[in-house]
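The file coords10.cif comes next; it holds mmCIF, C-alpha atoms; chains and numbers go by the auth columns.
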data_entry
loop_
_atom_site.group_PDB
_atom_site.id
_atom_site.type_symbol
_atom_site.label_atom_id
_atom_site.label_comp_id
_atom_site.label_asym_id
_atom_site.label_seq_id
_atom_site.Cartn_x
_atom_site.Cartn_y
_atom_site.Cartn_z
_atom_site.B_iso_or_equiv
_atom_site.auth_seq_id
_atom_site.auth_asym_id
ATOM 1 C CA MET A 1 4.668 -4.013 -10.611 0.00 1 H
ATOM 2 C CA SER A 2 6.155 -3.317 -13.992 0.00 2 H
ATOM 3 C CA ALA A 3 5.283 -5.339 -17.096 0.00 3 H
ATOM 4 C CA ASP A 4 8.411 -7.471 -16.625 0.00 4 H
ATOM 5 C CA GLY A 5 7.463 -8.379 -13.036 0.00 5 H
ATOM 6 C CA ALA A 6 10.089 -6.185 -11.405 0.00 6 H
ATOM 7 C CA ILE A 7 9.257 -4.621 -8.059 0.00 7 H
ATOM 8 C CA SER A 8 9.330 -0.838 -7.853 0.00 8 H
ATOM 9 C CA VAL A 9 10.025 0.735 -4.451 0.00 9 H
ATOM 10 C CA ALA A 10 9.929 4.299 -3.139 0.00 10 H
ATOM 11 C CA LEU A 11 12.484 5.304 -0.511 0.00 11 H
ATOM 12 C CA CYS A 12 11.131 8.230 1.514 0.00 12 H
ATOM 13 C CA ILE A 13 13.925 9.678 3.616 0.00 13 H
ATOM 14 C CA ALA A 14 13.810 12.278 6.391 0.00 14 H
ATOM 15 C CA ARG A 15 17.130 14.127 6.205 0.00 15 H
ATOM 16 C CA PHE A 16 17.157 15.991 9.562 0.00 16 H
ATOM 17 C CA TYR A 17 20.024 13.832 10.829 0.00 17 H
ATOM 18 C CA GLU A 18 22.130 13.536 7.671 0.00 18 H
ATOM 19 C CA GLU A 19 24.571 10.864 8.866 0.00 19 H
ATOM 20 C CA LEU A 20 21.769 8.660 10.165 0.00 20 H
ATOM 21 C CA ALA A 21 19.726 9.155 7.011 0.00 21 H
ATOM 22 C CA ASP A 22 22.693 8.125 4.866 0.00 22 H
ATOM 23 C CA ARG A 23 23.315 4.986 6.931 0.00 23 H
ATOM 24 C CA LEU A 24 19.635 4.047 6.979 0.00 24 H
ATOM 25 C CA GLU A 25 19.503 4.451 3.218 0.00 25 H
ATOM 26 C CA SER A 26 22.648 2.363 2.796 0.00 26 H
ATOM 27 C CA GLY A 27 21.135 -0.516 4.758 0.00 27 H
ATOM 28 C CA ALA A 28 17.881 -0.243 2.847 0.00 28 H
ATOM 29 C CA ARG A 29 19.629 -0.229 -0.524 0.00 29 H
ATOM 30 C CA GLU A 30 21.752 -3.245 0.427 0.00 30 H
ATOM 31 C CA ALA A 31 18.607 -5.181 1.372 0.00 31 H
ATOM 32 C CA LEU A 32 16.818 -4.113 -1.814 0.00 32 H
ATOM 33 C CA SER A 33 19.789 -5.186 -3.892 0.00 33 H
ATOM 34 C CA ALA A 34 19.942 -8.554 -2.111 0.00 34 H
ATOM 35 C CA ALA A 35 16.234 -9.012 -2.897 0.00 35 H
ATOM 36 C CA GLY A 36 16.829 -8.198 -6.572 0.00 36 H
ATOM 37 C CA VAL A 37 14.948 -4.898 -6.465 0.00 37 H
ATOM 38 C CA GLU A 38 16.415 -2.483 -8.993 0.00 38 H
ATOM 39 C CA GLN A 39 13.627 0.011 -9.549 0.00 39 H
ATOM 40 C CA ILE A 40 14.091 2.443 -6.667 0.00 40 H
ATOM 41 C CA ASP A 41 13.053 6.084 -6.538 0.00 41 H
ATOM 42 C CA ARG A 42 14.232 8.327 -3.697 0.00 42 H
ATOM 43 C CA PHE A 43 12.258 11.172 -2.154 0.00 43 H
ATOM 44 C CA GLU A 44 13.603 13.459 0.575 0.00 44 H
ATOM 45 C CA VAL A 45 11.786 15.442 3.239 0.00 45 H
ATOM 46 C CA PRO A 46 13.226 17.610 6.019 0.00 46 H
ATOM 47 C CA GLY A 47 12.058 15.506 8.963 0.00 47 H
ATOM 48 C CA ALA A 48 10.098 12.477 10.148 0.00 48 H
ATOM 49 C CA PHE A 49 6.899 14.481 10.559 0.00 49 H
ATOM 50 C CA GLU A 50 6.735 14.911 6.767 0.00 50 H
ATOM 51 C CA LEU A 51 7.204 11.220 5.975 0.00 51 H
ATOM 52 C CA PRO A 52 3.518 10.199 6.049 0.00 52 H
ATOM 53 C CA LEU A 53 2.527 12.731 3.401 0.00 53 H
ATOM 54 C CA VAL A 54 5.316 11.851 0.973 0.00 54 H
ATOM 55 C CA ALA A 55 4.609 8.147 1.610 0.00 55 H
ATOM 56 C CA LYS A 56 0.970 8.784 0.748 0.00 56 H
ATOM 57 C CA TYR A 57 1.931 10.552 -2.479 0.00 57 H
ATOM 58 C CA ALA A 58 4.152 7.610 -3.432 0.00 58 H
ATOM 59 C CA ALA A 59 1.616 4.937 -2.474 0.00 59 H
ATOM 60 C CA GLN A 60 -1.259 6.661 -4.270 0.00 60 H
ATOM 61 C CA SER A 61 0.782 7.220 -7.420 0.00 61 H
ATOM 62 C CA GLY A 62 0.344 3.596 -8.456 0.00 62 H
ATOM 63 C CA ARG A 63 4.056 3.441 -9.352 0.00 63 H
ATOM 64 C CA TYR A 64 5.291 1.520 -6.297 0.00 64 H
ATOM 65 C CA GLU A 65 4.608 -1.876 -4.755 0.00 65 H
ATOM 66 C CA ALA A 66 6.229 -0.810 -1.479 0.00 66 H
ATOM 67 C CA VAL A 67 7.248 2.380 0.296 0.00 67 H
ATOM 68 C CA ILE A 68 10.155 2.461 2.732 0.00 68 H
ATOM 69 C CA CYS A 69 10.153 5.358 5.215 0.00 69 H
ATOM 70 C CA LEU A 70 13.491 6.139 6.851 0.00 70 H
ATOM 71 C CA GLY A 71 14.539 8.757 9.372 0.00 71 H
ATOM 72 C CA ALA A 72 15.379 9.446 12.985 0.00 72 H
ATOM 73 C CA VAL A 73 13.920 11.287 15.938 0.00 73 H
ATOM 74 C CA ILE A 74 16.150 11.783 18.967 0.00 74 H
ATOM 75 C CA ARG A 75 14.593 12.717 22.301 0.00 75 H
ATOM 76 C CA GLY A 76 15.280 16.263 23.413 0.00 76 H
ATOM 77 C CA GLU A 77 14.264 18.342 26.412 0.00 77 H
ATOM 78 C CA THR A 78 10.726 19.080 25.198 0.00 78 H
ATOM 79 C CA ASP A 79 7.589 17.120 24.277 0.00 79 H
ATOM 80 C CA HIS A 80 8.331 17.635 20.578 0.00 80 H
ATOM 81 C CA TYR A 81 9.790 14.102 20.396 0.00 81 H
ATOM 82 C CA GLU A 82 6.521 12.503 21.527 0.00 82 H
ATOM 83 C CA TYR A 83 4.443 14.345 18.948 0.00 83 H
ATOM 84 C CA VAL A 84 6.778 13.709 16.031 0.00 84 H
ATOM 85 C CA CYS A 85 7.286 10.004 16.798 0.00 85 H
ATOM 86 C CA GLY A 86 3.612 9.324 17.362 0.00 86 H
ATOM 87 C CA GLU A 87 2.381 11.202 14.332 0.00 87 H
ATOM 88 C CA ALA A 88 5.024 9.763 12.012 0.00 88 H
ATOM 89 C CA ALA A 89 4.169 6.217 13.114 0.00 89 H
ATOM 90 C CA ARG A 90 0.411 6.778 12.942 0.00 90 H
ATOM 91 C CA GLY A 91 0.611 8.529 9.606 0.00 91 H
ATOM 92 C CA ILE A 92 2.751 5.871 7.941 0.00 92 H
ATOM 93 C CA GLN A 93 0.467 3.148 9.297 0.00 93 H
ATOM 94 C CA ASP A 94 -2.579 5.019 7.990 0.00 94 H
ATOM 95 C CA VAL A 95 -1.025 5.224 4.523 0.00 95 H
ATOM 96 C CA GLN A 96 -0.523 1.500 4.257 0.00 96 H
ATOM 97 C CA LEU A 97 -3.945 0.693 5.673 0.00 97 H
ATOM 98 C CA ASP A 98 -5.670 3.215 3.384 0.00 98 H
ATOM 99 C CA THR A 99 -3.815 2.288 0.188 0.00 99 H
ATOM 100 C CA GLY A 100 -2.916 -1.382 0.625 0.00 100 H
ATOM 101 C CA VAL A 101 0.682 -0.551 -0.300 0.00 101 H
ATOM 102 C CA PRO A 102 3.144 -1.879 2.293 0.00 102 H
ATOM 103 C CA CYS A 103 4.865 1.062 4.021 0.00 103 H
ATOM 104 C CA ALA A 104 7.818 0.268 6.246 0.00 104 H
ATOM 105 C CA PHE A 105 8.497 2.258 9.415 0.00 105 H
ATOM 106 C CA GLY A 106 12.277 2.575 9.382 0.00 106 H
ATOM 107 C CA VAL A 107 12.307 5.573 11.693 0.00 107 H
ATOM 108 C CA LEU A 108 14.642 5.463 14.665 0.00 108 H
ATOM 109 C CA THR A 109 12.978 6.721 17.849 0.00 109 H
ATOM 110 C CA VAL A 110 15.803 6.898 20.362 0.00 110 H
ATOM 111 C CA ASP A 111 17.106 8.798 23.351 0.00 111 H
ATOM 112 C CA SER A 112 20.573 9.596 22.029 0.00 112 H
ATOM 113 C CA MET A 113 22.787 9.737 18.968 0.00 113 H
ATOM 114 C CA GLU A 114 24.734 6.794 20.409 0.00 114 H
ATOM 115 C CA GLN A 115 21.579 4.661 20.436 0.00 115 H
ATOM 116 C CA ALA A 116 20.807 5.760 16.887 0.00 116 H
ATOM 117 C CA LEU A 117 24.275 4.869 15.591 0.00 117 H
ATOM 118 C CA ASP A 118 23.891 1.387 17.115 0.00 118 H
ATOM 119 C CA ARG A 119 20.783 0.863 14.969 0.00 119 H
ATOM 120 C CA VAL A 120 22.016 1.734 11.478 0.00 120 H
ATOM 121 C CA THR A 121 24.437 0.173 8.982 0.00 121 H
ATOM 122 C CA GLY A 122 27.711 -0.405 10.846 0.00 122 H
ATOM 123 C CA GLY A 123 26.045 -0.261 14.265 0.00 123 H
ATOM 124 C CA SER A 124 26.307 -2.848 17.010 0.00 124 H
ATOM 125 C CA LYS A 125 22.586 -3.614 17.480 0.00 125 H
ATOM 126 C CA ARG A 126 20.681 -3.859 14.197 0.00 126 H
ATOM 127 C CA ASP A 127 20.355 -2.315 10.769 0.00 127 H
ATOM 128 C CA THR A 128 17.011 -0.530 10.814 0.00 128 H
ATOM 129 C CA GLY A 129 17.139 0.383 7.114 0.00 129 H
ATOM 130 C CA ARG A 130 17.620 -3.262 6.189 0.00 130 H
ATOM 131 C CA HIS A 131 14.900 -4.415 8.568 0.00 131 H
ATOM 132 C CA ALA A 132 12.447 -1.878 7.166 0.00 132 H
ATOM 133 C CA VAL A 133 12.961 -3.246 3.665 0.00 133 H
ATOM 134 C CA GLU A 134 12.607 -6.821 4.879 0.00 134 H
ATOM 135 C CA ALA A 135 9.323 -5.955 6.619 0.00 135 H
ATOM 136 C CA ALA A 136 7.836 -4.238 3.570 0.00 136 H
ATOM 137 C CA LEU A 137 8.889 -7.030 1.213 0.00 137 H
ATOM 138 C CA ALA A 138 7.425 -9.634 3.583 0.00 138 H
ATOM 139 C CA ALA A 139 4.085 -7.797 3.577 0.00 139 H
ATOM 140 C CA LEU A 140 4.237 -7.525 -0.212 0.00 140 H
ATOM 141 C CA ALA A 141 4.870 -11.275 -0.495 0.00 141 H
ATOM 142 C CA VAL A 142 1.763 -12.009 1.579 0.00 142 H
ATOM 143 C CA LYS A 143 -0.271 -9.590 -0.535 0.00 143 H
ATOM 144 C CA ARG A 144 0.875 -11.320 -3.725 0.00 144 H
ATOM 145 C CA GLN A 145 0.295 -14.787 -2.274 0.00 145 H
ATOM 146 C CA LEU A 146 -3.276 -13.935 -1.335 0.00 146 H
ATOM 147 C CA ALA A 147 -3.914 -12.298 -4.720 0.00 147 H
ATOM 148 C CA ALA A 148 -2.653 -15.451 -6.474 0.00 148 H
ATOM 149 C CA ARG A 149 -4.936 -17.647 -4.355 0.00 149 H
ATOM 150 C CA ARG A 150 -7.858 -15.403 -5.163 0.00 150 H
ATOM 151 C CA ALA A 151 -7.072 -15.555 -8.862 0.00 151 H
ATOM 152 C CA SER A 152 -6.673 -19.344 -8.811 0.00 152 H
ATOM 153 C CA ALA A 153 -10.080 -19.598 -7.141 0.00 153 H
ATOM 154 C CA GLY A 154 -11.626 -17.825 -10.127 0.00 154 H
ATOM 155 C CA PHE A 155 -11.922 -14.331 -8.675 0.00 155 H
ATOM 156 C CA ARG A 156 -10.673 -11.301 -10.523 0.00 156 H
ATOM 157 C CA ALA A 157 -7.907 -9.339 -8.849 0.00 157 H
#
Rendering of file as structure tokens:
Amino acid sequence: MSADGAISVALCIARFYEELADRLESGAREALSAAGVEQIDRFEVPGAFELPLVAKYAAQSGRYEAVICLGAVIRGETDHYEYVCGEAARGIQDVQLDTGVPCAFGVLTVDSMEQALDRVTGGSKRDTGRHAVEAALAALAVKRQLAARRASAGFRA
């Protein structure tokens, strides 16, 4: 957190599916704006498999209170989908558990482009970018609440 109390967030975006990435980012930015978050840095990677490493760089930098990972993996005719989805999810989870920095998993794992488009800004199901931000900010709120309780009990943070 900056000296003025503002939250700083890293958006880590897998760009393999450009249209989906743009819509996921739009939803995330709308949610960040609604939450009053103005300090946002954006980092791009080619695909979802690279998200855990860039999330780790961001989380370990000490510059961000939360990291939002966005991207999409659409099932194809090979096992590639299974490996990418599993490793992206595991890796992002490992980053947040290892660093204590909330890392949101805003990665679509779907069977078709139609399913993906239903799950981004303007879609008929949900806005995954928005939901990822909401999840990370909820985890951050709990972290801050527990830190405040610890401090009020006389423990150093």
As a check of understanding, name the residues that the PyMOL selection byres ((chain H and resi 93) around 12) selects in the supplied structure, as number ranges by chain.
H: 51-53, 55-56, 59, 67-69, 86-92, 94-106, 136
Generate a file of the selected residues that holds C-alpha atoms, formatted as an mmCIF file, in the frame of the given file.
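Output (result33.cif):
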data_model
loop_
_atom_site.group_PDB
_atom_site.id
_atom_site.type_symbol
_atom_site.label_atom_id
_atom_site.label_comp_id
_atom_site.auth_asym_id
_atom_site.auth_seq_id
_atom_site.Cartn_x
_atom_site.Cartn_y
_atom_site.Cartn_z
ATOM 1 C CA LEU H 51 7.204 11.220 5.975
ATOM 2 C CA PRO H 52 3.518 10.199 6.049
ATOM 3 C CA LEU H 53 2.527 12.731 3.401
ATOM 4 C CA ALA H 55 4.609 8.147 1.610
ATOM 5 C CA LYS H 56 0.970 8.784 0.748
ATOM 6 C CA ALA H 59 1.616 4.937 -2.474
ATOM 7 C CA VAL H 67 7.248 2.380 0.296
ATOM 8 C CA ILE H 68 10.155 2.461 2.732
ATOM 9 C CA CYS H 69 10.153 5.358 5.215
ATOM 10 C CA GLY H 86 3.612 9.324 17.362
ATOM 11 C CA GLU H 87 2.381 11.202 14.332
ATOM 12 C CA ALA H 88 5.024 9.763 12.012
ATOM 13 C CA ALA H 89 4.169 6.217 13.114
ATOM 14 C CA ARG H 90 0.411 6.778 12.942
ATOM 15 C CA GLY H 91 0.611 8.529 9.606
ATOM 16 C CA ILE H 92 2.751 5.871 7.941
ATOM 17 C CA ASP H 94 -2.579 5.019 7.990
ATOM 18 C CA VAL H 95 -1.025 5.224 4.523
ATOM 19 C CA GLN H 96 -0.523 1.500 4.257
ATOM 20 C CA LEU H 97 -3.945 0.693 5.673
ATOM 21 C CA ASP H 98 -5.670 3.215 3.384
ATOM 22 C CA THR H 99 -3.815 2.288 0.188
ATOM 23 C CA GLY H 100 -2.916 -1.382 0.625
ATOM 24 C CA VAL H 101 0.682 -0.551 -0.300
ATOM 25 C CA PRO H 102 3.144 -1.879 2.293
ATOM 26 C CA CYS H 103 4.865 1.062 4.021
ATOM 27 C CA ALA H 104 7.818 0.268 6.246
ATOM 28 C CA PHE H 105 8.497 2.258 9.415
ATOM 29 C CA GLY H 106 12.277 2.575 9.382
ATOM 30 C CA ALA H 136 7.836 -4.238 3.570
#
What's around Glu30 of chain H at 10 Å? Count all atoms listed in the file, leave out sequence neighbours fewer than 6 positions away in its own chain, and write the answer as number ranges by chain.
H: 36-37, 121, 129-130, 133
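Running the PyMOL selection byres ((chain H and resi 5-17) around 6) on this file leaves Met1, Ser2, Ala3, Asp4, Glu18, Glu19, Leu20, Ala21, Val37, Gln39, Ile40, Asp41, Arg42, Phe43, Glu44, Val45, Pro46, Gly47, Ala48, Tyr64, Glu65, Ala66, Val67, Ile68, Cys69, Leu70 and Gly71 of chain H selected.
When atom CA of Leu137 of chain H is paired with atom CA of Gly27 of chain H, their separation reads 14.3 Å.
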The PyMOL selection byres ((chain H and resi 72) around 6) - which residues does that actually catch in the file I just gave you? List them as a VMD selection string.
chain H and resid 71 73 107 to 108
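Between atom CA of Arg29 of chain H and atom CA of Ala147 of chain H the interatomic distance comes to 26.8 Å.
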Interatomic distance between atom CA of Arg75 of chain H and atom CA of Ala31 of chain H?
27.8 Å
Grab all the atoms of segment 34-45 of chain H that the file lists, wrap them in a box along x, y and z, add 8 Å per side, and give me centre plus edge lengths in Å (one decimal) as JSON.
{"center_x": 15.9, "center_y": 3.2, "center_z": -3.2, "size_x": 24.2, "size_y": 40.5, "size_z": 28.8}
